[in-house]
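Engineer: This is the structure, below, for whatever I ask next.
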Amino acid sequence: MQENNKQNPKEEKNLLDDILANALSSTKKHEEINAGLETKKCKSCGAARPEDTDLKYCDFCGDQFY
């Protein structure tokens with residue numbers, strides 16, 4: 001059982017082009033931004049820690065931060 005298609009291939013292509021053009025025009029464009037988190041590095045092992053924390057010792061190597 002083959003489905004009888006009443007549209008010719010050119011009309012089908014135009015319909016597909018219209019659908020794809022609509023999809024591209026309505027797709028939200030995303031911008032790349034920085035997270036904005038400031039970090040400090042442990043002088044001994046290089047582990048990153050948030051700058052606004054009160055850590056005195058590195059959780060990874062145990063060395064003093066300050």
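To be explicit about the labels: the chains of the structure tokens are called A, B, and onward in the order shown, and within each one the residues are counted from 1, while ligands get numbers from 1 in the order they are shown.
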Using only C-alpha atoms, determine which residues lie at most 10 Å from Ala48 of chain A, disregarding the query and same-chain residues fewer than 3 positions distant; provide the list as a count of residues only.

Structural biologist: 10

Engineer: I need the residues in chain A that are helix (DSSP H, G or I) according to DSSP; give them as a PDB file with N, CA and C atoms, in the first residue's frame.

Structural biologist:
```pdb
ATOM      1  N   PRO A   9       7.225  17.251  -5.794  1.00  0.00           N
ATOM      2  CA  PRO A   9       8.432  17.360  -4.965  1.00  0.00           C
ATOM      3  C   PRO A   9       8.885  18.793  -4.719  1.00  0.00           C
ATOM      4  N   LYS A  10       8.652  19.700  -5.681  1.00  0.00           N
ATOM      5  CA  LYS A  10       9.067  21.096  -5.500  1.00  0.00           C
ATOM      6  C   LYS A  10       8.263  21.757  -4.385  1.00  0.00           C
ATOM      7  N   GLU A  11       6.968  21.491  -4.316  1.00  0.00           N
ATOM      8  CA  GLU A  11       6.127  22.055  -3.263  1.00  0.00           C
ATOM      9  C   GLU A  11       6.531  21.493  -1.900  1.00  0.00           C
ATOM     10  N   GLU A  12       6.885  20.208  -1.857  1.00  0.00           N
ATOM     11  CA  GLU A  12       7.334  19.599  -0.608  1.00  0.00           C
ATOM     12  C   GLU A  12       8.628  20.250  -0.128  1.00  0.00           C
ATOM     13  N   LYS A  13       9.555  20.520  -1.053  1.00  0.00           N
ATOM     14  CA  LYS A  13      10.824  21.140  -0.699  1.00  0.00           C
ATOM     15  C   LYS A  13      10.595  22.543  -0.160  1.00  0.00           C
ATOM     16  N   ASN A  14       9.698  23.311  -0.806  1.00  0.00           N
ATOM     17  CA  ASN A  14       9.393  24.663  -0.332  1.00  0.00           C
ATOM     18  C   ASN A  14       8.777  24.628   1.062  1.00  0.00           C
ATOM     19  N   LEU A  15       7.931  23.674   1.307  1.00  0.00           N
ATOM     20  CA  LEU A  15       7.320  23.538   2.621  1.00  0.00           C
ATOM     21  C   LEU A  15       8.382  23.219   3.676  1.00  0.00           C
ATOM     22  N   LEU A  16       9.287  22.315   3.348  1.00  0.00           N
ATOM     23  CA  LEU A  16      10.362  21.973   4.272  1.00  0.00           C
ATOM     24  C   LEU A  16      11.282  23.173   4.501  1.00  0.00           C
ATOM     25  N   ASP A  17      11.597  23.909   3.444  1.00  0.00           N
ATOM     26  CA  ASP A  17      12.420  25.116   3.580  1.00  0.00           C
ATOM     27  C   ASP A  17      11.745  26.131   4.492  1.00  0.00           C
ATOM     28  N   ASP A  18      10.440  26.305   4.354  1.00  0.00           N
ATOM     29  CA  ASP A  18       9.692  27.236   5.199  1.00  0.00           C
ATOM     30  C   ASP A  18       9.728  26.799   6.664  1.00  0.00           C
ATOM     31  N   ILE A  19       9.574  25.515   6.899  1.00  0.00           N
ATOM     32  CA  ILE A  19       9.594  24.993   8.271  1.00  0.00           C
ATOM     33  C   ILE A  19      10.973  25.195   8.898  1.00  0.00           C
ATOM     34  N   LEU A  20      12.026  24.877   8.148  1.00  0.00           N
ATOM     35  CA  LEU A  20      13.379  25.034   8.669  1.00  0.00           C
ATOM     36  C   LEU A  20      13.734  26.507   8.887  1.00  0.00           C
ATOM     37  N   ALA A  21      13.319  27.382   7.990  1.00  0.00           N
ATOM     38  CA  ALA A  21      13.574  28.808   8.154  1.00  0.00           C
ATOM     39  C   ALA A  21      12.863  29.345   9.392  1.00  0.00           C
ATOM     40  N   ASN A  22      11.651  28.896   9.619  1.00  0.00           N
ATOM     41  CA  ASN A  22      10.908  29.313  10.801  1.00  0.00           C
ATOM     42  C   ASN A  22      11.595  28.809  12.071  1.00  0.00           C
ATOM     43  N   ALA A  23      12.067  27.579  12.038  1.00  0.00           N
ATOM     44  CA  ALA A  23      12.741  27.019  13.205  1.00  0.00           C
ATOM     45  C   ALA A  23      14.025  27.789  13.512  1.00  0.00           C
ATOM     46  N   LEU A  24      14.797  28.118  12.489  1.00  0.00           N
ATOM     47  CA  LEU A  24      16.043  28.867  12.700  1.00  0.00           C
ATOM     48  C   LEU A  24      15.777  30.276  13.206  1.00  0.00           C
ATOM     49  N   SER A  25      14.755  30.923  12.689  1.00  0.00           N
ATOM     50  CA  SER A  25      14.480  32.302  13.096  1.00  0.00           C
ATOM     51  C   SER A  25      13.902  32.379  14.505  1.00  0.00           C
ATOM     52  N   SER A  26      13.224  31.341  14.954  1.00  0.00           N
ATOM     53  CA  SER A  26      12.603  31.385  16.278  1.00  0.00           C
ATOM     54  C   SER A  26      13.433  30.700  17.362  1.00  0.00           C
TER      55      SER A  26
END
```

Engineer: State, in Å with one decimal place, the distance from atom CA of Ala47 of chain A to atom CA of Gln64 of chain A.

Structural biologist: 12.1 Å

Engineer: What separation in Å, quoted to one decimal, exists between atom CA of Asn34 of chain A and atom CA of Tyr57 of chain A?

Structural biologist: 27.7 Å

Engineer: Please return, as number ranges by chain, all residues of chain A that DSSP assigns to strand (DSSP E or B) on the basis of the backbone.

Structural biologist: A: 39-41, 48-50, 57, 64

Engineer: For atom CA of Lys56 of chain A and atom CA of Leu37 of chain A, quote the distance in Å rounded to one decimal.

Structural biologist: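 Separation of atom CA of Lys56 of chain A and atom CA of Leu37 of chain A: 19.4 Å.
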